[in-house]
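Dumped run.txt below, it's compact mmCIF, N, CA and C atoms:
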```txt
# COMPACT_ATOMS: atom_id res chain seq x y z
N MET A 2 0.84 -1.18 0.00
CA MET A 2 0.00 0.00 0.00
C MET A 2 0.88 1.24 0.00
N ASN A 3 0.43 2.25 -0.74
CA ASN A 3 1.12 3.53 -0.78
C ASN A 3 0.25 4.59 -0.13
N TYR A 4 0.88 5.72 0.20
CA TYR A 4 0.20 6.80 0.89
C TYR A 4 0.37 8.08 0.09
N TRP A 5 -0.67 8.90 0.11
CA TRP A 5 -0.72 10.12 -0.69
C TRP A 5 -1.34 11.25 0.11
N LEU A 6 -1.17 12.46 -0.37
CA LEU A 6 -1.91 13.60 0.12
C LEU A 6 -2.59 14.23 -1.08
N VAL A 7 -3.89 14.48 -0.95
CA VAL A 7 -4.65 15.18 -1.98
C VAL A 7 -5.19 16.46 -1.37
N LYS A 8 -5.21 17.51 -2.18
CA LYS A 8 -5.64 18.82 -1.70
C LYS A 8 -6.91 19.27 -2.39
N SER A 9 -7.76 19.92 -1.64
CA SER A 9 -8.95 20.54 -2.20
C SER A 9 -9.33 21.74 -1.35
N GLU A 10 -9.81 22.77 -2.01
CA GLU A 10 -10.33 23.91 -1.28
C GLU A 10 -11.68 23.51 -0.71
N PRO A 11 -11.88 23.64 0.58
CA PRO A 11 -13.12 23.15 1.19
C PRO A 11 -14.38 23.84 0.70
N ASP A 12 -14.25 25.06 0.18
CA ASP A 12 -15.44 25.72 -0.38
C ASP A 12 -15.75 25.24 -1.80
N VAL A 13 -14.82 24.49 -2.40
CA VAL A 13 -15.04 23.89 -3.72
C VAL A 13 -15.45 22.43 -3.56
N TYR A 14 -14.67 21.66 -2.79
CA TYR A 14 -15.01 20.26 -2.51
C TYR A 14 -14.37 19.88 -1.19
N SER A 15 -15.17 19.68 -0.18
CA SER A 15 -14.65 19.42 1.17
C SER A 15 -14.65 17.92 1.48
N PHE A 16 -13.94 17.59 2.54
CA PHE A 16 -13.95 16.20 3.00
C PHE A 16 -15.36 15.80 3.43
N GLU A 17 -16.07 16.72 4.03
CA GLU A 17 -17.46 16.44 4.43
C GLU A 17 -18.32 16.08 3.23
N GLN A 18 -18.08 16.76 2.11
CA GLN A 18 -18.84 16.45 0.89
C GLN A 18 -18.50 15.05 0.39
N LEU A 19 -17.22 14.69 0.44
CA LEU A 19 -16.81 13.33 0.06
C LEU A 19 -17.51 12.31 0.94
N CYS A 20 -17.57 12.58 2.24
CA CYS A 20 -18.24 11.66 3.17
C CYS A 20 -19.73 11.53 2.85
N THR A 21 -20.36 12.64 2.50
CA THR A 21 -21.78 12.63 2.16
C THR A 21 -22.03 11.85 0.88
N GLU A 22 -21.19 12.07 -0.12
CA GLU A 22 -21.38 11.40 -1.42
C GLU A 22 -20.93 9.95 -1.40
N GLY A 23 -19.96 9.63 -0.58
CA GLY A 23 -19.49 8.25 -0.48
C GLY A 23 -18.44 7.85 -1.50
N ARG A 24 -18.32 8.59 -2.57
CA ARG A 24 -17.33 8.32 -3.61
C ARG A 24 -17.30 9.52 -4.53
N ALA A 25 -16.10 9.85 -5.03
CA ALA A 25 -15.98 11.00 -5.91
C ALA A 25 -14.86 10.79 -6.92
N ARG A 26 -15.05 11.39 -8.07
CA ARG A 26 -14.00 11.42 -9.09
C ARG A 26 -13.05 12.55 -8.73
N TRP A 27 -11.75 12.25 -8.63
CA TRP A 27 -10.73 13.26 -8.35
C TRP A 27 -10.18 13.71 -9.69
N ASP A 28 -10.70 14.82 -10.18
CA ASP A 28 -10.37 15.27 -11.52
C ASP A 28 -9.91 16.72 -11.50
N GLY A 29 -9.65 17.26 -12.68
CA GLY A 29 -9.27 18.66 -12.79
C GLY A 29 -7.81 18.96 -12.48
N VAL A 30 -7.01 17.93 -12.29
CA VAL A 30 -5.58 18.13 -11.99
C VAL A 30 -4.88 18.50 -13.30
N ARG A 31 -4.23 19.66 -13.31
CA ARG A 31 -3.57 20.14 -14.52
C ARG A 31 -2.11 20.50 -14.27
N ASN A 32 -1.45 19.62 -13.59
CA ASN A 32 0.00 19.73 -13.33
C ASN A 32 0.57 18.36 -13.64
N TYR A 33 1.64 18.30 -14.43
CA TYR A 33 2.16 17.01 -14.89
C TYR A 33 2.66 16.13 -13.74
N GLN A 34 3.33 16.73 -12.77
CA GLN A 34 3.82 15.94 -11.64
C GLN A 34 2.66 15.38 -10.84
N ALA A 35 1.65 16.20 -10.57
CA ALA A 35 0.47 15.73 -9.83
C ALA A 35 -0.26 14.66 -10.64
N ARG A 36 -0.36 14.86 -11.97
CA ARG A 36 -1.00 13.85 -12.83
C ARG A 36 -0.25 12.52 -12.74
N ASN A 37 1.06 12.57 -12.78
CA ASN A 37 1.85 11.35 -12.68
C ASN A 37 1.64 10.67 -11.33
N ASN A 38 1.46 11.47 -10.28
CA ASN A 38 1.16 10.89 -8.97
C ASN A 38 -0.20 10.20 -9.00
N LEU A 39 -1.21 10.82 -9.64
CA LEU A 39 -2.51 10.15 -9.79
C LEU A 39 -2.34 8.81 -10.50
N ARG A 40 -1.51 8.80 -11.53
CA ARG A 40 -1.31 7.57 -12.31
C ARG A 40 -0.58 6.49 -11.53
N ALA A 41 0.13 6.87 -10.50
CA ALA A 41 0.85 5.90 -9.67
C ALA A 41 -0.04 5.31 -8.57
N MET A 42 -1.19 5.91 -8.33
CA MET A 42 -2.09 5.42 -7.28
C MET A 42 -2.68 4.06 -7.65
N LYS A 43 -2.79 3.21 -6.65
CA LYS A 43 -3.38 1.88 -6.82
C LYS A 43 -4.60 1.75 -5.94
N THR A 44 -5.54 0.92 -6.37
CA THR A 44 -6.74 0.67 -5.58
C THR A 44 -6.34 0.23 -4.17
N GLY A 45 -6.93 0.87 -3.17
CA GLY A 45 -6.63 0.56 -1.77
C GLY A 45 -5.60 1.48 -1.14
N ASP A 46 -4.86 2.24 -1.95
CA ASP A 46 -3.93 3.22 -1.38
C ASP A 46 -4.72 4.23 -0.54
N VAL A 47 -4.06 4.77 0.48
CA VAL A 47 -4.73 5.68 1.40
C VAL A 47 -4.24 7.11 1.16
N CYS A 48 -5.17 8.05 1.19
CA CYS A 48 -4.88 9.46 0.96
C CYS A 48 -5.22 10.29 2.19
N LEU A 49 -4.33 11.19 2.52
CA LEU A 49 -4.60 12.23 3.50
C LEU A 49 -5.35 13.32 2.75
N PHE A 50 -6.47 13.77 3.27
CA PHE A 50 -7.28 14.79 2.62
C PHE A 50 -6.98 16.13 3.27
N TYR A 51 -6.42 17.05 2.49
CA TYR A 51 -5.97 18.35 2.97
C TYR A 51 -6.87 19.45 2.44
N HIS A 52 -7.36 20.29 3.34
CA HIS A 52 -8.12 21.47 2.96
C HIS A 52 -7.14 22.61 2.70
N SER A 53 -7.08 23.05 1.45
CA SER A 53 -6.16 24.13 1.09
C SER A 53 -6.90 25.46 1.07
N ASN A 54 -6.15 26.54 1.08
CA ASN A 54 -6.64 27.92 1.07
C ASN A 54 -7.45 28.30 2.31
N ILE A 55 -8.47 27.52 2.64
CA ILE A 55 -9.28 27.77 3.83
C ILE A 55 -9.02 26.60 4.78
N GLY A 56 -8.54 26.88 5.97
CA GLY A 56 -8.26 25.82 6.92
C GLY A 56 -6.81 25.44 6.97
N LEU A 57 -6.24 25.13 5.81
CA LEU A 57 -4.83 24.71 5.72
C LEU A 57 -4.53 23.60 6.72
N GLU A 58 -5.25 22.48 6.56
CA GLU A 58 -5.07 21.39 7.51
C GLU A 58 -5.50 20.07 6.89
N ILE A 59 -4.89 19.00 7.38
CA ILE A 59 -5.31 17.65 7.00
C ILE A 59 -6.49 17.30 7.89
N VAL A 60 -7.59 16.92 7.24
CA VAL A 60 -8.83 16.73 7.99
C VAL A 60 -9.36 15.30 7.96
N GLY A 61 -8.91 14.48 7.00
CA GLY A 61 -9.47 13.15 6.90
C GLY A 61 -8.63 12.19 6.08
N LEU A 62 -9.15 10.98 5.98
CA LEU A 62 -8.51 9.91 5.22
C LEU A 62 -9.48 9.40 4.16
N ALA A 63 -8.94 9.14 2.99
CA ALA A 63 -9.72 8.57 1.89
C ALA A 63 -8.93 7.41 1.30
N ARG A 64 -9.63 6.61 0.51
CA ARG A 64 -8.99 5.45 -0.13
C ARG A 64 -9.22 5.54 -1.64
N VAL A 65 -8.23 5.11 -2.40
CA VAL A 65 -8.38 5.04 -3.85
C VAL A 65 -9.32 3.88 -4.17
N ALA A 66 -10.44 4.21 -4.81
CA ALA A 66 -11.46 3.21 -5.15
C ALA A 66 -11.35 2.76 -6.60
N ARG A 67 -10.77 3.60 -7.44
CA ARG A 67 -10.57 3.25 -8.86
C ARG A 67 -9.29 3.90 -9.33
N GLU A 68 -8.45 3.11 -9.98
CA GLU A 68 -7.19 3.62 -10.49
C GLU A 68 -7.43 4.55 -11.68
N PHE A 69 -6.37 5.20 -12.11
CA PHE A 69 -6.49 6.30 -13.08
C PHE A 69 -7.17 5.89 -14.38
N TYR A 70 -7.86 6.89 -14.90
CA TYR A 70 -8.54 6.78 -16.18
C TYR A 70 -8.56 8.19 -16.78
N PRO A 71 -8.88 8.33 -18.07
CA PRO A 71 -8.87 9.66 -18.68
C PRO A 71 -9.83 10.61 -17.95
N ASP A 72 -9.36 11.81 -17.68
CA ASP A 72 -10.17 12.82 -16.99
C ASP A 72 -11.23 13.35 -17.95
N PRO A 73 -12.50 13.08 -17.66
CA PRO A 73 -13.55 13.53 -18.58
C PRO A 73 -13.75 15.05 -18.59
N THR A 74 -13.13 15.77 -17.65
CA THR A 74 -13.26 17.23 -17.64
C THR A 74 -12.21 17.91 -18.50
N ALA A 75 -11.24 17.14 -19.00
CA ALA A 75 -10.16 17.72 -19.80
C ALA A 75 -10.64 17.99 -21.22
N GLU A 76 -10.54 19.23 -21.64
CA GLU A 76 -10.93 19.59 -23.01
C GLU A 76 -9.84 19.24 -24.01
N SER A 77 -8.60 19.19 -23.53
CA SER A 77 -7.48 18.77 -24.38
C SER A 77 -6.37 18.28 -23.47
N GLY A 78 -5.44 17.55 -24.04
CA GLY A 78 -4.30 17.06 -23.28
C GLY A 78 -4.54 15.69 -22.69
N ASP A 79 -3.49 15.16 -22.12
CA ASP A 79 -3.47 13.80 -21.57
C ASP A 79 -3.55 13.88 -20.05
N TRP A 80 -4.77 14.04 -19.52
CA TRP A 80 -4.97 14.21 -18.08
C TRP A 80 -5.71 13.01 -17.52
N SER A 81 -5.54 12.78 -16.23
CA SER A 81 -6.09 11.59 -15.59
C SER A 81 -6.91 11.96 -14.35
N ALA A 82 -7.76 11.02 -13.96
CA ALA A 82 -8.56 11.14 -12.74
C ALA A 82 -8.51 9.80 -12.03
N VAL A 83 -8.83 9.80 -10.75
CA VAL A 83 -9.03 8.57 -9.97
C VAL A 83 -10.32 8.75 -9.19
N ASP A 84 -10.84 7.67 -8.65
CA ASP A 84 -12.00 7.76 -7.76
C ASP A 84 -11.53 7.54 -6.34
N LEU A 85 -12.06 8.36 -5.43
CA LEU A 85 -11.75 8.25 -4.00
C LEU A 85 -13.02 7.97 -3.23
N GLU A 86 -12.86 7.27 -2.11
CA GLU A 86 -13.96 7.08 -1.17
C GLU A 86 -13.46 7.43 0.22
N PRO A 87 -14.33 7.97 1.06
CA PRO A 87 -13.88 8.39 2.39
C PRO A 87 -13.61 7.20 3.30
N LEU A 88 -12.63 7.33 4.17
CA LEU A 88 -12.39 6.35 5.22
C LEU A 88 -12.91 6.89 6.55
N LYS A 89 -12.32 8.01 6.99
CA LYS A 89 -12.77 8.62 8.24
C LYS A 89 -12.10 9.97 8.43
N PRO A 90 -12.73 10.82 9.22
CA PRO A 90 -12.07 12.09 9.55
C PRO A 90 -10.98 11.85 10.58
N LEU A 91 -10.01 12.74 10.61
CA LEU A 91 -9.02 12.68 11.69
C LEU A 91 -9.72 13.09 12.98
N ASN A 92 -9.28 12.54 14.08
CA ASN A 92 -9.85 12.94 15.37
C ASN A 92 -9.56 14.41 15.68
N ARG A 93 -8.43 14.88 15.14
CA ARG A 93 -8.05 16.29 15.31
C ARG A 93 -7.34 16.71 14.03
N PRO A 94 -7.81 17.77 13.35
CA PRO A 94 -7.11 18.23 12.15
C PRO A 94 -5.66 18.58 12.45
N VAL A 95 -4.81 18.36 11.47
CA VAL A 95 -3.38 18.67 11.61
C VAL A 95 -3.08 19.86 10.71
N SER A 96 -2.72 20.97 11.32
CA SER A 96 -2.53 22.22 10.58
C SER A 96 -1.19 22.25 9.84
N LEU A 97 -1.14 23.08 8.82
CA LEU A 97 0.10 23.28 8.08
C LEU A 97 1.19 23.82 8.99
N VAL A 98 0.83 24.67 9.93
CA VAL A 98 1.81 25.21 10.89
C VAL A 98 2.45 24.07 11.68
N GLU A 99 1.64 23.13 12.16
CA GLU A 99 2.17 21.97 12.90
C GLU A 99 3.07 21.13 12.01
N ILE A 100 2.62 20.91 10.79
CA ILE A 100 3.39 20.08 9.86
C ILE A 100 4.75 20.70 9.59
N LYS A 101 4.78 21.98 9.31
CA LYS A 101 6.05 22.66 9.02
C LYS A 101 6.97 22.71 10.23
N ALA A 102 6.41 22.69 11.43
CA ALA A 102 7.22 22.77 12.65
C ALA A 102 7.74 21.40 13.11
N HIS A 103 7.18 20.32 12.61
CA HIS A 103 7.56 18.99 13.10
C HIS A 103 8.87 18.53 12.46
N PRO A 104 9.86 18.17 13.28
CA PRO A 104 11.17 17.77 12.75
C PRO A 104 11.12 16.57 11.79
N ALA A 105 10.23 15.63 12.02
CA ALA A 105 10.16 14.43 11.17
C ALA A 105 9.49 14.69 9.83
N LEU A 106 8.93 15.90 9.64
CA LEU A 106 8.19 16.18 8.41
C LEU A 106 8.86 17.21 7.51
N GLN A 107 10.12 17.49 7.75
CA GLN A 107 10.81 18.53 6.99
C GLN A 107 11.02 18.16 5.52
N GLN A 108 10.99 16.87 5.19
CA GLN A 108 11.14 16.44 3.79
C GLN A 108 9.81 16.13 3.13
N PHE A 109 8.72 16.25 3.88
CA PHE A 109 7.39 15.96 3.36
C PHE A 109 7.06 16.93 2.22
N GLY A 110 6.40 16.44 1.19
CA GLY A 110 6.08 17.24 0.01
C GLY A 110 5.32 18.51 0.32
N LEU A 111 4.43 18.47 1.29
CA LEU A 111 3.65 19.65 1.63
C LEU A 111 4.54 20.77 2.18
N VAL A 112 5.65 20.41 2.77
CA VAL A 112 6.61 21.38 3.29
C VAL A 112 7.54 21.85 2.16
N ARG A 113 7.98 20.92 1.34
CA ARG A 113 8.96 21.23 0.31
C ARG A 113 8.36 21.82 -0.97
N ASN A 114 7.16 21.37 -1.34
CA ASN A 114 6.52 21.82 -2.57
C ASN A 114 5.02 21.99 -2.31
N GLY A 115 4.66 22.99 -1.55
CA GLY A 115 3.30 23.17 -1.09
C GLY A 115 2.27 23.43 -2.16
N ARG A 116 2.67 23.72 -3.38
CA ARG A 116 1.71 24.03 -4.44
C ARG A 116 1.20 22.78 -5.15
N LEU A 117 1.86 21.66 -5.00
CA LEU A 117 1.46 20.43 -5.69
C LEU A 117 0.17 19.88 -5.08
N SER A 118 -0.80 19.53 -5.90
CA SER A 118 -2.13 19.14 -5.41
C SER A 118 -2.27 17.65 -5.08
N VAL A 119 -1.38 16.84 -5.61
CA VAL A 119 -1.38 15.40 -5.32
C VAL A 119 0.08 15.00 -5.12
N MET A 120 0.38 14.44 -3.94
CA MET A 120 1.78 14.12 -3.66
C MET A 120 1.88 12.86 -2.81
N PRO A 121 3.00 12.14 -2.95
CA PRO A 121 3.19 10.94 -2.13
C PRO A 121 3.59 11.30 -0.70
N ALA A 122 3.34 10.37 0.18
CA ALA A 122 3.81 10.45 1.57
C ALA A 122 4.47 9.12 1.88
N THR A 123 5.57 9.17 2.60
CA THR A 123 6.21 7.92 3.03
C THR A 123 5.39 7.32 4.17
N PHE A 124 5.66 6.07 4.47
CA PHE A 124 4.98 5.42 5.59
C PHE A 124 5.26 6.18 6.89
N ASP A 125 6.51 6.61 7.10
CA ASP A 125 6.86 7.34 8.32
C ASP A 125 6.15 8.68 8.40
N GLU A 126 6.07 9.41 7.26
CA GLU A 126 5.35 10.69 7.25
C GLU A 126 3.87 10.47 7.54
N PHE A 127 3.30 9.47 6.88
CA PHE A 127 1.89 9.15 7.08
C PHE A 127 1.63 8.80 8.55
N SER A 128 2.47 7.97 9.12
CA SER A 128 2.30 7.55 10.52
C SER A 128 2.42 8.74 11.47
N THR A 129 3.37 9.61 11.22
CA THR A 129 3.55 10.81 12.05
C THR A 129 2.31 11.69 11.97
N LEU A 130 1.78 11.88 10.78
CA LEU A 130 0.61 12.73 10.59
C LEU A 130 -0.63 12.11 11.27
N LEU A 131 -0.78 10.81 11.17
CA LEU A 131 -1.89 10.15 11.87
C LEU A 131 -1.76 10.35 13.38
N SER A 132 -0.54 10.20 13.88
CA SER A 132 -0.31 10.39 15.31
C SER A 132 -0.66 11.81 15.74
N LEU A 133 -0.23 12.80 14.94
CA LEU A 133 -0.56 14.19 15.25
C LEU A 133 -2.06 14.42 15.24
N GLY A 134 -2.76 13.69 14.38
CA GLY A 134 -4.21 13.82 14.30
C GLY A 134 -4.96 12.93 15.27
N GLY A 135 -4.22 12.22 16.13
CA GLY A 135 -4.86 11.35 17.13
C GLY A 135 -5.71 10.26 16.50
N THR A 136 -5.26 9.74 15.36
CA THR A 136 -6.06 8.82 14.58
C THR A 136 -5.26 7.57 14.23
N GLN A 137 -5.95 6.45 14.17
CA GLN A 137 -5.34 5.21 13.69
C GLN A 137 -6.04 4.80 12.42
N LEU A 138 -5.33 4.12 11.56
CA LEU A 138 -5.93 3.65 10.31
C LEU A 138 -6.82 2.45 10.55
```
Let me see the file written as C-alpha cells.
Amino acid sequence: MNYWLVKSEPDVYSFEQLCTEGRARWDGVRNYQARNNLRAMKTGDVCLFYHSNIGLEIVGLARVAREFYPDPTAESGDWSAVDLEPLKPLNRPVSLVEIKAHPALQQFGLVRNGRLSVMPATFDEFSTLLSLGGTQL
C-alpha cells in the first residue's frame, strides 16, 4: 500500500462532501507531476485529505477506489482522474503550521513543494501525521 496527500479547497469540494457522497472522481488536476502521482495510485492506497486555502489542515482519510482513467473534464491534453472514497475524519485536524514545525516532516512534500495538489507520503510521514491527528488507520 502507498500513501498520498490530496488537496482541495473546502469551499469547492470538502472532506465532508466526500463523506456525504461516499465516492468522488478526483479530476481537474492540470499539473504534470500531480498527474503522474494520480497515475501511480493503486486501488486501496490511502490518501490524506488536505483542505487548502481555507483551513490549511489535513482533515481526513480517503482510499483510492478506482485507479487512473482519462479525466472527462479535460478539453485537451493527456490528463487523468481517480476515484476516491472516504475512510474517516481525523480525530483532530493537523494544521500546516504543525506540519512545518515537526522535525520528522521537513522532507514531506507539503513542506517542500506546497503548491502540488497530489503528492506521495512515506509510511513514516503518514504515521507521524496520523499520530498528530490522534487517529489510527
Closest of A:His103, A:Arg26, A:Arg67, A:Arg31 to Thr44 (chain A) - atom-to-atom distances counting all atoms listed in the file =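 Nearest candidate to Thr44 (chain A) out of A:His103, A:Arg26, A:Arg67, A:Arg31: A:Arg67.
Restricting the calculation to only N, CA and C atoms, the smallest distance between Pro90 (chain A) and any of A:Phe16, A:Lys8, A:Val60, A:Gln34 is found for A:Val60.
Minimum atom-to-atom distance to Phe50 (chain A), evaluated using all atoms listed in the file, belongs to A:Leu6 out of A:Ser118, A:Phe124, A:Leu6, A:Leu106.
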Which is closer to Asn114 (chain A) than all the others in A:Gly29, A:Glu126, A:Leu57, A:Ala35, using only C-alpha atoms?
-> A:Ala35
To one decimal place, how far is atom C of Phe69 (chain A) from atom C of Asn3 (chain A) in Å?
->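 Atom C of Asn3 (chain A) lies 16.1 Å from atom C of Phe69 (chain A).
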Run DSSP on the backbone and give me the residues of region 10-112 of chain A it puts in alpha helix (DSSP H), as a PyMOL selection string.
-> chain A and resi 16-22+33-41+97-102+110-112
Identify which of the residues A:Phe109, A:Tyr33, A:Trp27, A:Tyr51 lies closest to Tyr70 (chain A), counting only C-alpha atoms when measuring atom-to-atom distances.
->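 Among the listed residues, the smallest separation from Tyr70 (chain A) belongs to A:Trp27.
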Provide the atom N of Pro121 (chain A) to CA of Glu58 (chain A) distance in Å, to one decimal place.
->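 Interatomic distance here is 16.1 Å.
The shortest atom-to-atom distance to Cys20 (chain A), with only N, CA and C atoms taken into account, belongs to A:Glu86 out of A:Ala122, A:Glu86, A:Gln107, A:Val95.
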As a PyMOL selection string, list the residues of region 4-124 of chain A assigned to strand (DSSP E) by DSSP on the backbone atoms of this structure.
-> chain A and resi 4-9+25-27+47-52+58-71+81-96+119-122
Write a file of the just-selected residues containing N, CA and C atoms, as a CSV table (one decimal), in the frame of the given file.
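So the final result, stored in result.csv, reads:
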```csv
chain,number,residue,atom,x,y,z
A,4,TYR,N,0.9,5.7,0.2
A,4,TYR,CA,0.2,6.8,0.9
A,4,TYR,C,0.4,8.1,0.1
A,5,TRP,N,-0.7,8.9,0.1
A,5,TRP,CA,-0.7,10.1,-0.7
A,5,TRP,C,-1.3,11.2,0.1
A,6,LEU,N,-1.2,12.5,-0.4
A,6,LEU,CA,-1.9,13.6,0.1
A,6,LEU,C,-2.6,14.2,-1.1
A,7,VAL,N,-3.9,14.5,-1.0
A,7,VAL,CA,-4.6,15.2,-2.0
A,7,VAL,C,-5.2,16.5,-1.4
A,8,LYS,N,-5.2,17.5,-2.2
A,8,LYS,CA,-5.6,18.8,-1.7
A,8,LYS,C,-6.9,19.3,-2.4
A,9,SER,N,-7.8,19.9,-1.6
A,9,SER,CA,-9.0,20.5,-2.2
A,9,SER,C,-9.3,21.7,-1.4
A,25,ALA,N,-16.1,9.8,-5.0
A,25,ALA,CA,-16.0,11.0,-5.9
A,25,ALA,C,-14.9,10.8,-6.9
A,26,ARG,N,-15.0,11.4,-8.1
A,26,ARG,CA,-14.0,11.4,-9.1
A,26,ARG,C,-13.0,12.6,-8.7
A,27,TRP,N,-11.8,12.2,-8.6
A,27,TRP,CA,-10.7,13.3,-8.4
A,27,TRP,C,-10.2,13.7,-9.7
A,47,VAL,N,-4.1,4.8,0.5
A,47,VAL,CA,-4.7,5.7,1.4
A,47,VAL,C,-4.2,7.1,1.2
A,48,CYS,N,-5.2,8.0,1.2
A,48,CYS,CA,-4.9,9.5,1.0
A,48,CYS,C,-5.2,10.3,2.2
A,49,LEU,N,-4.3,11.2,2.5
A,49,LEU,CA,-4.6,12.2,3.5
A,49,LEU,C,-5.4,13.3,2.8
A,50,PHE,N,-6.5,13.8,3.3
A,50,PHE,CA,-7.3,14.8,2.6
A,50,PHE,C,-7.0,16.1,3.3
A,51,TYR,N,-6.4,17.0,2.5
A,51,TYR,CA,-6.0,18.4,3.0
A,51,TYR,C,-6.9,19.4,2.4
A,52,HIS,N,-7.4,20.3,3.3
A,52,HIS,CA,-8.1,21.5,3.0
A,52,HIS,C,-7.1,22.6,2.7
A,58,GLU,N,-5.2,22.5,6.6
A,58,GLU,CA,-5.1,21.4,7.5
A,58,GLU,C,-5.5,20.1,6.9
A,59,ILE,N,-4.9,19.0,7.4
A,59,ILE,CA,-5.3,17.6,7.0
A,59,ILE,C,-6.5,17.3,7.9
A,60,VAL,N,-7.6,16.9,7.2
A,60,VAL,CA,-8.8,16.7,8.0
A,60,VAL,C,-9.4,15.3,8.0
A,61,GLY,N,-8.9,14.5,7.0
A,61,GLY,CA,-9.5,13.2,6.9
A,61,GLY,C,-8.6,12.2,6.1
A,62,LEU,N,-9.2,11.0,6.0
A,62,LEU,CA,-8.5,9.9,5.2
A,62,LEU,C,-9.5,9.4,4.2
A,63,ALA,N,-8.9,9.1,3.0
A,63,ALA,CA,-9.7,8.6,1.9
A,63,ALA,C,-8.9,7.4,1.3
A,64,ARG,N,-9.6,6.6,0.5
A,64,ARG,CA,-9.0,5.4,-0.1
A,64,ARG,C,-9.2,5.5,-1.6
A,65,VAL,N,-8.2,5.1,-2.4
A,65,VAL,CA,-8.4,5.0,-3.8
A,65,VAL,C,-9.3,3.9,-4.2
A,66,ALA,N,-10.4,4.2,-4.8
A,66,ALA,CA,-11.5,3.2,-5.2
A,66,ALA,C,-11.4,2.8,-6.6
A,67,ARG,N,-10.8,3.6,-7.4
A,67,ARG,CA,-10.6,3.2,-8.9
A,67,ARG,C,-9.3,3.9,-9.3
A,68,GLU,N,-8.4,3.1,-10.0
A,68,GLU,CA,-7.2,3.6,-10.5
A,68,GLU,C,-7.4,4.6,-11.7
A,69,PHE,N,-6.4,5.2,-12.1
A,69,PHE,CA,-6.5,6.3,-13.1
A,69,PHE,C,-7.2,5.9,-14.4
A,70,TYR,N,-7.9,6.9,-14.9
A,70,TYR,CA,-8.5,6.8,-16.2
A,70,TYR,C,-8.6,8.2,-16.8
A,71,PRO,N,-8.9,8.3,-18.1
A,71,PRO,CA,-8.9,9.7,-18.7
A,71,PRO,C,-9.8,10.6,-18.0
A,81,SER,N,-5.5,12.8,-16.2
A,81,SER,CA,-6.1,11.6,-15.6
A,81,SER,C,-6.9,12.0,-14.4
A,82,ALA,N,-7.8,11.0,-14.0
A,82,ALA,CA,-8.6,11.1,-12.7
A,82,ALA,C,-8.5,9.8,-12.0
A,83,VAL,N,-8.8,9.8,-10.8
A,83,VAL,CA,-9.0,8.6,-10.0
A,83,VAL,C,-10.3,8.8,-9.2
A,84,ASP,N,-10.8,7.7,-8.6
A,84,ASP,CA,-12.0,7.8,-7.8
A,84,ASP,C,-11.5,7.5,-6.3
A,85,LEU,N,-12.1,8.4,-5.4
A,85,LEU,CA,-11.8,8.2,-4.0
A,85,LEU,C,-13.0,8.0,-3.2
A,86,GLU,N,-12.9,7.3,-2.1
A,86,GLU,CA,-14.0,7.1,-1.2
A,86,GLU,C,-13.5,7.4,0.2
A,87,PRO,N,-14.3,8.0,1.1
A,87,PRO,CA,-13.9,8.4,2.4
A,87,PRO,C,-13.6,7.2,3.3
A,88,LEU,N,-12.6,7.3,4.2
A,88,LEU,CA,-12.4,6.4,5.2
A,88,LEU,C,-12.9,6.9,6.6
A,89,LYS,N,-12.3,8.0,7.0
A,89,LYS,CA,-12.8,8.6,8.2
A,89,LYS,C,-12.1,10.0,8.4
A,90,PRO,N,-12.7,10.8,9.2
A,90,PRO,CA,-12.1,12.1,9.6
A,90,PRO,C,-11.0,11.8,10.6
A,91,LEU,N,-10.0,12.7,10.6
A,91,LEU,CA,-9.0,12.7,11.7
A,91,LEU,C,-9.7,13.1,13.0
A,92,ASN,N,-9.3,12.5,14.1
A,92,ASN,CA,-9.8,12.9,15.4
A,92,ASN,C,-9.6,14.4,15.7
A,93,ARG,N,-8.4,14.9,15.1
A,93,ARG,CA,-8.0,16.3,15.3
A,93,ARG,C,-7.3,16.7,14.0
A,94,PRO,N,-7.8,17.8,13.4
A,94,PRO,CA,-7.1,18.2,12.2
A,94,PRO,C,-5.7,18.6,12.4
A,95,VAL,N,-4.8,18.4,11.5
A,95,VAL,CA,-3.4,18.7,11.6
A,95,VAL,C,-3.1,19.9,10.7
A,96,SER,N,-2.7,21.0,11.3
A,96,SER,CA,-2.5,22.2,10.6
A,96,SER,C,-1.2,22.2,9.8
A,119,VAL,N,-1.4,16.8,-5.6
A,119,VAL,CA,-1.4,15.4,-5.3
A,119,VAL,C,0.1,15.0,-5.1
A,120,MET,N,0.4,14.4,-3.9
A,120,MET,CA,1.8,14.1,-3.7
A,120,MET,C,1.9,12.9,-2.8
A,121,PRO,N,3.0,12.1,-3.0
A,121,PRO,CA,3.2,10.9,-2.1
A,121,PRO,C,3.6,11.3,-0.7
A,122,ALA,N,3.3,10.4,0.2
A,122,ALA,CA,3.8,10.4,1.6
A,122,ALA,C,4.5,9.1,1.9
```
Provide the CA of Met2 (chain A) to CA of Asp46 (chain A) distance in Å, to one decimal place.
->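 Rounded to one decimal, the two atoms are 5.3 Å apart.
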